[in-house]
Amino acid sequence: MNDEDKKLWELLRAGRFDDVPSGLAEKIIRSATALPQEQSLRLKWRCFLERALSDWQYGLSYKMASFALCAMLGLGIGVYQQSEKYIADEYAALDIVAVAFVENELMEIL
């Protein structure tokens, strides 16, 4: 036993401890269960998703809204990519015309 342990034992022996009141455990339990119980945000989302995926009728509006959002997002990305490809092809055709025009002008000058 080192010096710190001896000091602790001396403090414990010198201290006065009152007896625990009867019914203390019941009072603690009663006051603890009377408090509002809070769940973590992760657990709330997990329960929400579990219920939403297992019960088809629950959250039907959320499901339809998310489906519509995904469909619109997919359509928008697809149209945007097609428009970029079309614009790039159009510029490529314009570049060919511009090069041919410059070439003809140079031939006339020379």
# chains A, B, ... in the order shown; residues from 1 in each chain; ligands from 1
>>> select_by_dssp(residues="range 18-54 of chain A", states="helix (DSSP H, G or I)", output="list in words")
Leu24, Ala25, Glu26, Lys27, Ile28, Ile29, Arg30, Ser31, Ala32, Thr33, Ala34, Leu41, Arg42, Leu43, Lys44, Trp45, Arg46, Cys47, Phe48, Leu49, Glu50, Arg51, Ala52, Leu53 and Ser54 of chain A
>>> atom_distance(atom1="CA of Leu53 in chain A", atom2="CA of Leu41 in chain A")
18.2 Å
>>> atom_distance(atom1="CA of Arg46 in chain A", atom2="CA of Arg30 in chain A")
29.0 Å
